[in-house]
Amino acid sequence: MTEGMSSLSARLSRFPRLGLAHLPTPLEPMKAAGRAPRRTTVWVKREDATGAGFGGNKLRKLDYVLHEAVASNADTLVSGGVVQSNSQRQVAAVAAKAGLAMSPGVYHGRLSTSDTRV
């Protein structure tokens, strides 16, 4: 590990995690991209390897947020999202793993807004 990465890891360690995500995830070379004219090596960060249903960045965030919820003796997680939301699925999976209830606020379609600039 480089000195810069060690320093970053040390600074991030002050934020406690619950430990649900399998971190760090591996970097793998994408071999097919190596056949490009310049023989460029493209590296892929395997966020699908974080665990709990291919959580990726959602699971990374929940790992920190859930630590706070468990530390404060919460018994239920409430999460809002659209039908078939990957985020909702992740919250339900980690809630079950942490022994918490989960109450999804599900809405259909897009939320309307009075701001026409959106």
# chains A, B, ... in the order shown; residues from 1 in each chain; ligands from 1

$ residues_around --residues "His67 (chain A)" --least-positions-apart "2" --cutoff "10 Å" --atoms "only C-alpha atoms" --output "list of chain:residue names"
A:Phe15, A:Pro16, A:Arg17, A:Leu18, A:Gly19, A:Leu20, A:Leu62, A:Asp63, A:Tyr64, A:Val65, A:Ala69, A:Val70, A:Ala71, A:Ser72, A:Asn73, A:Ala98

$ write_last_selection --atoms "all heavy atoms" --output "short mmCIF file (atom, residue, chain, number, x, y, z; two decimals), in the first residue's frame"
data_model
loop_
_atom_site.label_atom_id
_atom_site.label_comp_id
_atom_site.auth_asym_id
_atom_site.auth_seq_id
_atom_site.Cartn_x
_atom_site.Cartn_y
_atom_site.Cartn_z
N PHE A 15 -14.25 6.76 11.01
CA PHE A 15 -15.68 6.57 10.78
C PHE A 15 -16.00 5.08 10.91
O PHE A 15 -15.61 4.28 10.06
CB PHE A 15 -16.08 7.06 9.38
CG PHE A 15 -15.80 8.51 9.15
CD1 PHE A 15 -14.74 8.88 8.33
CD2 PHE A 15 -16.57 9.49 9.74
CE1 PHE A 15 -14.46 10.21 8.11
CE2 PHE A 15 -16.30 10.83 9.52
CZ PHE A 15 -15.23 11.19 8.71
N PRO A 16 -16.69 4.68 11.97
CA PRO A 16 -16.93 3.25 12.17
C PRO A 16 -17.92 2.67 11.16
O PRO A 16 -18.86 3.33 10.74
CB PRO A 16 -17.50 3.18 13.59
CG PRO A 16 -18.03 4.54 13.87
CD PRO A 16 -17.24 5.50 13.03
N ARG A 17 -17.66 1.43 10.78
CA ARG A 17 -18.54 0.68 9.87
C ARG A 17 -19.13 -0.48 10.63
O ARG A 17 -18.57 -0.94 11.61
CB ARG A 17 -17.74 0.11 8.69
CG ARG A 17 -17.10 1.08 7.79
CD ARG A 17 -16.46 0.43 6.55
NE ARG A 17 -15.59 -0.70 6.81
CZ ARG A 17 -15.82 -1.95 6.38
NH1 ARG A 17 -16.87 -2.24 5.67
NH2 ARG A 17 -14.98 -2.91 6.65
N LEU A 18 -20.23 -1.00 10.13
CA LEU A 18 -20.82 -2.19 10.72
C LEU A 18 -20.08 -3.45 10.26
O LEU A 18 -20.06 -4.45 10.93
CB LEU A 18 -22.31 -2.28 10.36
CG LEU A 18 -23.16 -3.21 11.20
CD1 LEU A 18 -23.08 -2.84 12.68
CD2 LEU A 18 -24.59 -3.17 10.75
N GLY A 19 -19.46 -3.37 9.10
CA GLY A 19 -18.68 -4.50 8.60
C GLY A 19 -19.46 -5.40 7.65
O GLY A 19 -19.11 -6.56 7.47
N LEU A 20 -20.51 -4.88 7.03
CA LEU A 20 -21.31 -5.68 6.11
C LEU A 20 -20.66 -5.83 4.74
O LEU A 20 -20.83 -6.84 4.08
CB LEU A 20 -22.69 -5.03 5.93
CG LEU A 20 -23.55 -4.95 7.17
CD1 LEU A 20 -24.76 -4.07 6.92
CD2 LEU A 20 -23.97 -6.34 7.60
N LEU A 62 -24.36 2.21 3.28
CA LEU A 62 -25.15 1.58 4.33
C LEU A 62 -24.29 1.00 5.44
O LEU A 62 -24.70 0.97 6.60
CB LEU A 62 -26.03 0.48 3.73
CG LEU A 62 -27.22 0.97 2.92
CD1 LEU A 62 -27.85 -0.17 2.14
CD2 LEU A 62 -28.25 1.62 3.83
N ASP A 63 -23.09 0.58 5.12
CA ASP A 63 -22.17 0.04 6.12
C ASP A 63 -21.88 1.08 7.20
O ASP A 63 -21.80 0.77 8.39
CB ASP A 63 -20.88 -0.41 5.45
CG ASP A 63 -20.23 -1.58 6.15
OD1 ASP A 63 -20.78 -2.09 7.14
OD2 ASP A 63 -19.15 -2.01 5.68
N TYR A 64 -21.74 2.33 6.80
CA TYR A 64 -21.49 3.41 7.76
C TYR A 64 -22.79 3.85 8.45
O TYR A 64 -22.84 4.02 9.67
CB TYR A 64 -20.87 4.62 7.05
CG TYR A 64 -19.46 4.37 6.61
CD1 TYR A 64 -19.17 4.04 5.30
CD2 TYR A 64 -18.40 4.45 7.51
CE1 TYR A 64 -17.87 3.80 4.88
CE2 TYR A 64 -17.10 4.22 7.11
CZ TYR A 64 -16.84 3.90 5.79
OH TYR A 64 -15.55 3.66 5.40
N VAL A 65 -23.85 4.03 7.67
CA VAL A 65 -25.12 4.50 8.23
C VAL A 65 -25.69 3.49 9.21
O VAL A 65 -26.19 3.85 10.28
CB VAL A 65 -26.14 4.78 7.09
CG1 VAL A 65 -27.51 5.10 7.63
CG2 VAL A 65 -25.63 5.91 6.21
N ALA A 69 -27.02 3.48 13.23
CA ALA A 69 -28.36 3.02 13.61
C ALA A 69 -28.28 1.96 14.71
O ALA A 69 -29.01 2.02 15.70
CB ALA A 69 -29.09 2.46 12.40
N VAL A 70 -27.39 0.99 14.55
CA VAL A 70 -27.24 -0.07 15.55
C VAL A 70 -26.69 0.49 16.86
O VAL A 70 -27.16 0.14 17.95
CB VAL A 70 -26.34 -1.20 15.00
CG1 VAL A 70 -25.97 -2.20 16.08
CG2 VAL A 70 -27.05 -1.92 13.84
N ALA A 71 -25.72 1.40 16.75
CA ALA A 71 -25.12 2.00 17.96
C ALA A 71 -26.15 2.81 18.75
O ALA A 71 -26.04 2.93 19.97
CB ALA A 71 -23.94 2.88 17.58
N SER A 72 -27.15 3.36 18.07
CA SER A 72 -28.17 4.15 18.76
C SER A 72 -29.40 3.30 19.10
O SER A 72 -30.46 3.85 19.45
CB SER A 72 -28.58 5.36 17.92
OG SER A 72 -29.21 4.94 16.73
N ASN A 73 -29.27 1.99 19.01
CA ASN A 73 -30.33 1.04 19.37
C ASN A 73 -31.59 1.18 18.53
O ASN A 73 -32.70 0.92 19.00
CB ASN A 73 -30.68 1.13 20.86
CG ASN A 73 -29.52 0.72 21.73
OD1 ASN A 73 -28.86 -0.27 21.45
ND2 ASN A 73 -29.25 1.50 22.76
N ALA A 98 -28.75 -7.31 9.82
CA ALA A 98 -28.46 -6.66 11.10
C ALA A 98 -29.55 -6.93 12.15
O ALA A 98 -29.45 -6.47 13.27
CB ALA A 98 -28.31 -5.16 10.90
#

$ select_by_dssp --residues "region 2-93 of chain A" --states "helix (DSSP H, G or I)" --output "ChimeraX atom specification"
/A:3-12,31-35,47-50,56-71,86-93

$ residues_around --residues "Arg46 (chain A)" --least-positions-apart "3" --cutoff "9 Å" --atoms "only C-alpha atoms" --output "PDB file with C-alpha atoms, in the first residue's frame"
ATOM      1  CA  THR A  25     -12.954  -4.880  -3.455  1.00  0.00           C
ATOM      2  CA  PRO A  26     -10.459  -6.125  -6.053  1.00  0.00           C
ATOM      3  CA  LEU A  27      -9.150  -4.314  -9.099  1.00  0.00           C
ATOM      4  CA  GLU A  28      -8.981  -6.512 -12.177  1.00  0.00           C
ATOM      5  CA  ALA A  49     -17.851  -8.099  -4.956  1.00  0.00           C
ATOM      6  CA  THR A  50     -18.917  -6.008  -1.937  1.00  0.00           C
ATOM      7  CA  GLY A  56     -21.508  -1.638  -4.588  1.00  0.00           C
TER       8      GLY A  56
END

$ closest_residue --among "A:Glu47, A:Ala92, A:Ala10, A:Val42" --to "Gly80 (chain A)" --atoms "only C-alpha atoms"
A:Ala92
